[in-house]
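Have a look at the structure below before the remarks.
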Amino acid sequence: GACALQGCTLPWLRAALLGLMGLLVSGSDFQHHRYEAMVQALFAVQSECPYITRIYSIGRSVEGRHLYVLEFSDQPGTHEALEPEFKYVGNMHGNEVLGRELLIKFSQFLCEEYRAGNQRITRLIHDTRIHILPSMNPDGYEVAARQGPEFNGYLVGRGNAREIDLNRNFPDLNALMYYYEKNKGRNHHLPLPDNWEQQVEPETLAVIKWMQNYNFILSANLHGGAVVANYPFDKSRDSRIRGRTTYAATADDKLFRQLARTYSYAHSWMHKGWNCGDFFEEGITNGASWYSLSKGMQDFNYLYSNCFEITLELSCDKFPPASALQREWLGNREALVLYLEQVHHGIKGMVYDENNNPIGNAEISVAGIHHDVTSGVDGDYFRLLLPGTYTVTASAQGYMPYTSTVTVGPAEAIQVCFCGGMHKTGL
C-alpha cells in the first residue's frame with residue numbers, strides 16, 4: 001500500500017504530468033543561454049511555429065555575432081497596412097541578463113500559446129507585427145557569463161567588446177530638441193549629425209538602421225539593476241546643475257506615465273515601489289528625475305522616429321542565478337503581454353491624395369501635443385493617445401492640410417482616415 005501511495009504512483013504521475021507540461025512549455029527548464037544556446041532556442045521556436053515567425057539579423061556585433069531578431073506576425077516579413085510594428089530589446093548591457101532570458105521565454109510562450117489556440121495571443125499575432133531582439137550586446141554577455149552569476153562585478157561585461165556603453169552611444173538629439181523648443185523648430189524626426197555612422201558602435205548602428213527600416217510605434221528595452229519602469233526623457237534639460245536631478249518631460253508625458261504604469265501594475269511587484277532598497281512611487285520614474293544620462297536609446301527613439309520607448313529595469317540582481325528565472329518569468333509574463341497590447345490604443349488611419357494614392361511621410365499633428373508622427377510608406381499612420389477628444393491634422397508637402405476632430409476611447413485604436421481629403425496645392 002505504501003508503495004502504491006508514495007513510492008510508485010507519484011513518481012509515475014509526476015513524470016506523466018511533467019511530460020505533459022514539457023509539451024506545453026518546451027524548453028521551460030529555466031536556465032541561462034550563452035550565444036549558441038540562445039540562437040538554437042530562437043531557431044527552435046521558428047521551426048515550431050514556422051507560419052507565424054521569421055528570424056532575421058540586423059547586423060553583427062564587434063566580434064561578429066549576429067544580432068538576431070525573431071518576428072511574430074500572421075504575415076511574417078511583410079508590413080500590413082494599419083498593423084502596427086512593436087519591438088522588445090534585451091541585454092543592451094551585457095551583464096544585465098534577465099531581459100535576454102525573459103525575451104527567449106516570451107518567444108517560446110507566444111509560439112506555444114498560439115499553437116494551443118489562446119485567443120488573446122492569437123489576436124495579438126494577427127493584429128500586430130512583433131519584433132524581439134533578445135540580445136543587443138551578445139559580446140558583453142559572453143564576458144559577463146564567463147564570470148558567472150556569483151562573481152559578477154557591477155560593470156564586467158556591461159559594454160560591448162570595446163567596452164563602450166551602448167546606452168550612451170546613440171547620437172545626442174536632446175540638445176538639438178531643447179534648442180528647437182526655444183526657437184519653434186521641428187519637434188520630431190530630428191536630423192542625425194553628418195558623420196553619425198562613424199561615431200557609433202556596430203551594435204548601435206545596427207539598431208538605428210533597424211529603426212530606419214521598420215516603422216516601429218511602441219517599444220521597451222529591458223535592463224537590470226533596479227526594479228522600475230523608466231520613461232523619457234533620460235537627459236535633463238538643465239545640464240548646469242551638477243548632481244541635481246530634474247524631471248524632463250516629453251510632450252507626451254501623460255501618455256508615457258500611463259505606459260510605464262501599465263507595465264508596473266501588471267508586474268507582480270514592481271508597482272509596490274519598494275525594491276532593491278529604492279522607493280519609486282507606483283514603480284515608475286522619469287529618467288532624468290532619477291539620474292540624467294546622455295545619448296541613451298529611449299530618448300533617441302522618441303526624437304528620431306515614430307517609436308515611443310520606455311526602459312524597464314527588471315531585477316535588483318543584474319545576473320540572477322538560474323534558480324530565480326522562473327519566478328521572474330511569472331512576475332513579468334502578464335506585463336510583457338499587456339504592454340505589447342498598448343500599441344493598439346489611440347488613433348490610426350490612412351493618408352491618401354484625391355486619386356487614392358497613399359502619401360508616405362505625411363505629418364500627423366495633434367493640437368496641444370508638440371510631437372508629430374509621420375505616415376509610413378504605405379500611407380498608414382499610428383498615433384498613441386490617451387482617451388480624450390483631439391483635433392488632428394494631416395499635412396504633406398504640396399498638399400492642403402486636412403483637419404479632423406476625433407474622440408478616443410479606452411478600447412482599440414480609432415480609425416481616422418485622411419482619405420481623398422488631401423488635395424494638391426497650386427504648386
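By convention in this document, the chains of the C-alpha cells carry letters A, B, ... by their order, each chain's residues are numbered from 1, and ligands are numbered from 1 in the order they are shown.
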
For this session: Taking the chain letters and numbering used in this document, name the residues of range 270-317 of chain A that DSSP puts in helix (DSSP H, G or I), as a PyMOL selection string.
Result: chain A and resi 270-272+281-283+287-290+297-304

So that I have them on file, write out the residues from the current selection with N, CA, C and O atoms, as a CSV table (one decimal), in the first residue's frame.
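In the end it all went to result.csv:
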```
chain,number,residue,atom,x,y,z
A,270,MET,N,6.6,45.2,-9.1
A,270,MET,CA,7.2,46.5,-9.4
A,270,MET,C,6.4,47.7,-8.9
A,270,MET,O,6.9,48.6,-8.3
A,271,HIS,N,5.0,47.6,-9.0
A,271,HIS,CA,4.2,48.7,-8.6
A,271,HIS,C,4.2,49.0,-7.1
A,271,HIS,O,3.8,50.1,-6.6
A,272,LYS,N,4.7,48.0,-6.3
A,272,LYS,CA,4.7,48.3,-4.9
A,272,LYS,C,5.7,49.4,-4.5
A,272,LYS,O,5.6,49.9,-3.4
A,281,GLU,N,7.6,55.8,-6.5
A,281,GLU,CA,6.1,55.8,-6.4
A,281,GLU,C,5.5,55.1,-7.6
A,281,GLU,O,5.8,55.4,-8.8
A,282,GLU,N,4.6,54.2,-7.3
A,282,GLU,CA,3.9,53.4,-8.4
A,282,GLU,C,4.9,52.5,-9.2
A,282,GLU,O,4.5,51.9,-10.2
A,283,GLY,N,6.2,52.5,-8.8
A,283,GLY,CA,7.1,51.7,-9.6
A,283,GLY,C,7.5,52.3,-10.9
A,283,GLY,O,7.9,51.6,-11.8
A,287,GLY,N,13.1,59.4,-16.4
A,287,GLY,CA,14.5,59.1,-16.4
A,287,GLY,C,15.4,60.1,-15.8
A,287,GLY,O,16.2,59.9,-14.9
A,288,ALA,N,15.2,61.4,-16.2
A,288,ALA,CA,16.1,62.5,-15.7
A,288,ALA,C,15.9,62.8,-14.3
A,288,ALA,O,16.8,63.2,-13.6
A,289,SER,N,14.7,62.5,-13.8
A,289,SER,CA,14.4,62.8,-12.4
A,289,SER,C,15.1,61.8,-11.5
A,289,SER,O,15.3,62.0,-10.3
A,290,TRP,N,15.4,60.6,-12.1
A,290,TRP,CA,16.2,59.6,-11.3
A,290,TRP,C,17.7,59.9,-11.4
A,290,TRP,O,18.3,60.2,-10.5
A,297,MET,N,19.2,55.2,-25.5
A,297,MET,CA,18.3,54.7,-26.6
A,297,MET,C,16.9,55.1,-26.6
A,297,MET,O,16.3,55.4,-27.6
A,298,GLN,N,16.3,55.3,-25.4
A,298,GLN,CA,14.9,55.6,-25.4
A,298,GLN,C,14.6,57.0,-25.9
A,298,GLN,O,13.7,57.2,-26.6
A,299,ASP,N,15.4,58.0,-25.5
A,299,ASP,CA,15.2,59.3,-26.0
A,299,ASP,C,15.4,59.4,-27.5
A,299,ASP,O,14.7,60.1,-28.2
A,300,PHE,N,16.4,58.6,-28.0
A,300,PHE,CA,16.7,58.6,-29.4
A,300,PHE,C,15.4,58.1,-30.2
A,300,PHE,O,15.1,58.6,-31.2
A,301,ASN,N,14.8,57.0,-29.7
A,301,ASN,CA,13.6,56.5,-30.3
A,301,ASN,C,12.6,57.6,-30.5
A,301,ASN,O,12.0,57.8,-31.6
A,302,TYR,N,12.3,58.4,-29.4
A,302,TYR,CA,11.3,59.4,-29.4
A,302,TYR,C,11.6,60.6,-30.4
A,302,TYR,O,10.8,61.1,-31.0
A,303,LEU,N,12.9,60.9,-30.4
A,303,LEU,CA,13.3,62.1,-31.1
A,303,LEU,C,13.6,61.8,-32.6
A,303,LEU,O,13.6,62.8,-33.4
A,304,TYR,N,13.9,60.6,-32.9
A,304,TYR,CA,14.3,60.3,-34.3
A,304,TYR,C,13.2,59.5,-35.1
A,304,TYR,O,13.2,59.6,-36.3
```

For this session: Pick out the residues sitting within 7 Å of range 347-357 of chain A, and hand them over as a ChimeraX atom specification; count only C-alpha atoms, and ignore anything fewer than 2 positions along from it in its own chain.
Result: /A:82,345,359,379-385,413-423

Please write the residues from the selection above to a file, keeping N, CA and C atoms, as a compact mmCIF listing (two decimals), in the first residue's frame.
```
# COMPACT_ATOMS: atom_id res chain seq x y z
N LEU A 82 -2.00 49.45 -41.65
CA LEU A 82 -2.81 49.61 -40.44
C LEU A 82 -2.48 48.59 -39.34
N HIS A 345 -3.71 51.36 -28.89
CA HIS A 345 -4.52 52.47 -28.38
C HIS A 345 -4.24 53.75 -29.16
N ILE A 359 -0.01 58.59 -49.28
CA ILE A 359 1.01 59.62 -49.07
C ILE A 359 1.88 59.20 -47.90
N GLY A 379 1.36 54.88 -46.48
CA GLY A 379 0.39 55.91 -46.17
C GLY A 379 -0.34 55.68 -44.85
N ASP A 380 0.05 54.63 -44.10
CA ASP A 380 -0.64 54.40 -42.83
C ASP A 380 0.12 55.07 -41.69
N TYR A 381 -0.64 55.60 -40.72
CA TYR A 381 -0.01 56.25 -39.57
C TYR A 381 -0.64 55.69 -38.31
N PHE A 382 0.09 55.85 -37.19
CA PHE A 382 -0.38 55.40 -35.88
C PHE A 382 -0.02 56.49 -34.89
N ARG A 383 -0.97 56.93 -34.08
CA ARG A 383 -0.66 57.95 -33.06
C ARG A 383 -1.19 57.47 -31.72
N LEU A 384 -0.28 57.06 -30.81
CA LEU A 384 -0.70 56.63 -29.48
C LEU A 384 -1.26 57.82 -28.74
N LEU A 385 -2.44 57.66 -28.14
CA LEU A 385 -3.09 58.74 -27.39
C LEU A 385 -3.87 58.16 -26.22
N ALA A 413 -7.70 51.14 -31.13
CA ALA A 413 -7.42 52.41 -31.81
C ALA A 413 -8.59 52.81 -32.71
N ILE A 414 -8.93 54.10 -32.67
CA ILE A 414 -9.97 54.66 -33.53
C ILE A 414 -9.36 54.91 -34.90
N GLN A 415 -10.07 54.55 -35.95
CA GLN A 415 -9.54 54.83 -37.28
C GLN A 415 -9.98 56.20 -37.76
N VAL A 416 -8.99 57.02 -38.11
CA VAL A 416 -9.27 58.34 -38.68
C VAL A 416 -8.58 58.36 -40.03
N CYS A 417 -9.38 58.37 -41.07
CA CYS A 417 -8.82 58.26 -42.41
C CYS A 417 -8.76 59.64 -43.05
N PHE A 418 -7.59 60.02 -43.53
CA PHE A 418 -7.47 61.24 -44.31
C PHE A 418 -7.50 60.79 -45.76
N CYS A 419 -8.68 60.27 -46.16
CA CYS A 419 -8.79 59.60 -47.44
C CYS A 419 -9.38 60.55 -48.47
N GLY A 420 -8.66 60.77 -49.52
CA GLY A 420 -9.17 61.66 -50.57
C GLY A 420 -9.28 63.08 -50.08
N GLY A 421 -8.88 63.32 -48.82
CA GLY A 421 -9.02 64.66 -48.28
C GLY A 421 -7.80 65.52 -48.55
N MET A 422 -6.73 64.91 -49.02
CA MET A 422 -5.50 65.67 -49.24
C MET A 422 -5.46 66.16 -50.69
N HIS A 423 -5.73 67.45 -50.86
CA HIS A 423 -5.73 68.00 -52.21
C HIS A 423 -4.46 68.75 -52.48
```

Exercise. Using only C-alpha atoms, which residue out of A:Gly59, A:Pro193, A:Pro387, A:Pro202 lies closest to Arg162 in chain A?
Worked result: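 Between A:Gly59, A:Pro193, A:Pro387, A:Pro202, the residue approaching Arg162 in chain A most closely is A:Pro202.
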
Exercise. If you run DSSP on this backbone, which residues of range 81-200 of chain A come out as strand (DSSP E or B), and could you give them as a PyMOL selection string?
Worked result: chain A and resi 85-90+129-133

For this session: Excluding Arg54 in chain A and residues on its chain fewer than 3 positions from it, collect all residues at most 12 Å away from it, counting only C-alpha atoms, and give them as a PyMOL selection string.
Result: chain A and resi 42-51+57+68-78+107+111+129-132

For this session: Pick out the closest residue to His79 in chain A from this set: A:Ala367, A:Val377, A:Leu386, A:Ala396. Count only C-alpha atoms.
Result: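 Ranked by minimum distance to His79 in chain A, first place goes to A:Val377.
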
For this session: Please provide as a PyMOL selection string all residues within 12 Å of range 140-149 of chain A, with the sequence filter that same-chain residues fewer than 4 positions apart are discarded (counting only C-alpha atoms).
Result: chain A and resi 31-38+61-63+65+90-101+134-136+153-166+203+317-324

For this session: Show which residues sit within 12 Å of Lys184 in chain A, as a VMD selection string. Count only C-alpha atoms, and ignore same-chain residues fewer than 6 positions away.
Result: chain A and resid 176 to 178 370 to 371

If you keep all heavy atoms, can you produce a file of those selected residues as a CSV table (one decimal), in the first residue's frame?
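Listing of part_29.csv after writing:
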```
chain,number,residue,atom,x,y,z
A,176,LEU,N,19.7,69.2,-29.5
A,176,LEU,CA,19.0,69.8,-30.6
A,176,LEU,C,17.5,70.1,-30.4
A,176,LEU,O,17.0,71.1,-30.7
A,176,LEU,CB,19.2,68.8,-31.8
A,176,LEU,CG,18.8,69.3,-33.2
A,176,LEU,CD1,19.5,70.6,-33.6
A,176,LEU,CD2,19.0,68.2,-34.3
A,177,MET,N,16.9,69.1,-29.7
A,177,MET,CA,15.5,69.2,-29.4
A,177,MET,C,15.3,70.4,-28.4
A,177,MET,O,14.4,71.2,-28.6
A,177,MET,CB,15.0,67.9,-28.7
A,177,MET,CG,13.6,68.0,-28.1
A,177,MET,SD,12.4,68.0,-29.4
A,177,MET,CE,10.9,68.3,-28.4
A,178,TYR,N,16.1,70.5,-27.4
A,178,TYR,CA,16.0,71.6,-26.4
A,178,TYR,C,16.2,73.0,-27.1
A,178,TYR,O,15.6,74.0,-26.8
A,178,TYR,CB,16.9,71.4,-25.2
A,178,TYR,CG,16.6,70.1,-24.5
A,178,TYR,CD1,17.6,69.4,-23.7
A,178,TYR,CD2,15.3,69.4,-24.6
A,178,TYR,CE1,17.3,68.2,-23.1
A,178,TYR,CE2,15.1,68.2,-24.0
A,178,TYR,CZ,16.1,67.6,-23.2
A,178,TYR,OH,15.8,66.4,-22.6
A,370,HIS,N,3.0,68.8,-28.7
A,370,HIS,CA,4.1,69.2,-29.7
A,370,HIS,C,5.0,68.1,-30.0
A,370,HIS,O,6.2,68.2,-29.7
A,370,HIS,CB,4.8,70.5,-29.1
A,370,HIS,CG,3.9,71.6,-28.9
A,370,HIS,ND1,3.4,72.3,-30.0
A,370,HIS,CD2,3.4,72.2,-27.8
A,370,HIS,CE1,2.5,73.3,-29.5
A,370,HIS,NE2,2.5,73.2,-28.2
A,371,HIS,N,4.5,67.1,-30.6
A,371,HIS,CA,5.3,66.0,-31.1
A,371,HIS,C,4.5,65.3,-32.2
A,371,HIS,O,3.5,64.6,-31.9
A,371,HIS,CB,5.6,65.0,-30.0
A,371,HIS,CG,6.4,63.8,-30.5
A,371,HIS,ND1,7.8,63.8,-30.6
A,371,HIS,CD2,6.0,62.5,-30.8
A,371,HIS,CE1,8.2,62.6,-31.0
A,371,HIS,NE2,7.2,61.8,-31.2
```

Exercise. What is the distance, in Å and to one decimal place, between CA of Thr403 in chain A and CA of Gly376 in chain A?
Worked result: 18.9 Å

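Across A:Ser236, A:Thr389, A:Thr405, A:Asn169, the tightest approach to Glu197 in chain A is made by A:Asn169 when counting only C-alpha atoms.
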
Exercise. Any idea what's packed within 9 Å of Tyr390 in chain A, counting only C-alpha atoms, ignoring anything in its chain fewer than 4 positions away? Could you give it as an NGL selection string?
Worked result: :A and (366-368 or 404-408)

For this session: Please provide the set of residues having any atom within 12 Å of Glu341 in chain A, restricted to only C-alpha atoms, with same-chain residues fewer than 5 positions apart removed, written as a PyMOL selection string.
Result: chain A and resi 84-87+120-121+123-125+127-130+217-219+259+262-263+334-336+346+384+411-413

Save the residues we just selected, N, CA and C atoms, as a CSV table (one decimal), in the first residue's frame?
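For reference, result_18.csv as written:
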```
chain,number,residue,atom,x,y,z
A,84,PRO,N,0.3,47.8,-36.6
A,84,PRO,CA,1.4,48.5,-36.0
A,84,PRO,C,2.6,47.5,-35.8
A,85,GLU,N,3.8,48.1,-35.8
A,85,GLU,CA,5.1,47.4,-35.5
A,85,GLU,C,5.5,47.7,-34.1
A,86,PHE,N,5.9,46.6,-33.4
A,86,PHE,CA,6.3,46.7,-32.0
A,86,PHE,C,7.6,46.0,-31.8
A,87,LYS,N,8.5,46.5,-30.9
A,87,LYS,CA,9.7,45.8,-30.6
A,87,LYS,C,10.1,45.7,-29.1
A,120,ARG,N,-6.3,35.4,-26.9
A,120,ARG,CA,-5.6,36.7,-26.7
A,120,ARG,C,-4.3,36.8,-27.5
A,121,ILE,N,-3.5,35.7,-27.4
A,121,ILE,CA,-2.2,35.7,-28.1
A,121,ILE,C,-2.4,35.6,-29.6
A,123,ARG,N,-4.9,36.8,-31.3
A,123,ARG,CA,-5.3,38.1,-31.8
A,123,ARG,C,-4.1,39.1,-31.9
A,124,LEU,N,-3.3,39.0,-30.9
A,124,LEU,CA,-2.1,39.8,-30.8
A,124,LEU,C,-1.2,39.6,-32.1
A,125,ILE,N,-1.0,38.3,-32.4
A,125,ILE,CA,-0.1,38.0,-33.5
A,125,ILE,C,-0.8,38.3,-34.9
A,127,ASP,N,-2.9,40.9,-35.3
A,127,ASP,CA,-3.1,42.3,-35.4
A,127,ASP,C,-1.9,43.2,-35.3
A,128,THR,N,-0.7,42.5,-34.9
A,128,THR,CA,0.5,43.3,-34.6
A,128,THR,C,1.6,42.6,-35.3
A,129,ARG,N,2.7,43.3,-35.6
A,129,ARG,CA,3.9,42.7,-36.1
A,129,ARG,C,4.9,42.9,-35.0
A,130,ILE,N,5.3,41.8,-34.3
A,130,ILE,CA,6.1,41.9,-33.1
A,130,ILE,C,7.6,41.5,-33.4
A,217,ILE,N,6.2,51.6,-33.6
A,217,ILE,CA,5.3,52.5,-32.9
A,217,ILE,C,5.5,52.5,-31.4
A,218,LEU,N,5.8,51.3,-30.8
A,218,LEU,CA,6.0,51.2,-29.4
A,218,LEU,C,7.1,50.2,-29.1
A,219,SER,N,7.8,50.4,-28.0
A,219,SER,CA,9.0,49.6,-27.8
A,219,SER,C,9.3,49.6,-26.3
A,259,LEU,N,2.0,54.5,-19.9
A,259,LEU,CA,2.6,53.3,-20.4
A,259,LEU,C,3.5,52.6,-19.4
A,262,THR,N,1.3,50.9,-16.8
A,262,THR,CA,0.7,49.7,-17.4
A,262,THR,C,1.6,48.5,-17.1
A,263,TYR,N,2.9,48.7,-17.3
A,263,TYR,CA,3.9,47.6,-17.1
A,263,TYR,C,4.0,47.4,-15.6
A,334,GLU,N,2.6,38.6,-17.6
A,334,GLU,CA,1.4,39.4,-17.9
A,334,GLU,C,1.8,40.8,-18.3
A,335,ALA,N,2.8,41.4,-17.7
A,335,ALA,CA,3.2,42.7,-18.0
A,335,ALA,C,3.7,42.8,-19.5
A,336,LEU,N,4.5,41.8,-19.9
A,336,LEU,CA,5.0,41.8,-21.2
A,336,LEU,C,3.9,41.7,-22.3
A,346,GLY,N,-5.2,54.7,-29.1
A,346,GLY,CA,-5.0,56.0,-29.8
A,346,GLY,C,-5.7,56.0,-31.1
A,384,LEU,N,-0.3,57.1,-30.8
A,384,LEU,CA,-0.7,56.6,-29.5
A,384,LEU,C,-1.3,57.8,-28.7
A,411,ALA,N,-10.7,51.7,-25.6
A,411,ALA,CA,-10.5,50.4,-26.3
A,411,ALA,C,-9.6,50.5,-27.5
A,412,GLU,N,-9.8,49.7,-28.5
A,412,GLU,CA,-9.0,49.6,-29.7
A,412,GLU,C,-8.8,51.0,-30.3
A,413,ALA,N,-7.7,51.1,-31.1
A,413,ALA,CA,-7.4,52.4,-31.8
A,413,ALA,C,-8.6,52.8,-32.7
```

Problem set entry | Distance of CA of Tyr214 in chain A from CA of Glu80 in chain A, expressed in Å to one decimal place |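 Taking CA of Glu80 in chain A and CA of Tyr214 in chain A, their separation equals 11.6 Å.
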
Problem set entry | Residue with smallest distance to Gly225 in chain A - pool A:Asp139, A:Glu181, A:Asp253, A:Glu313, counting only C-alpha atoms |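 Under the stated criterion, the closest residue is A:Glu313.
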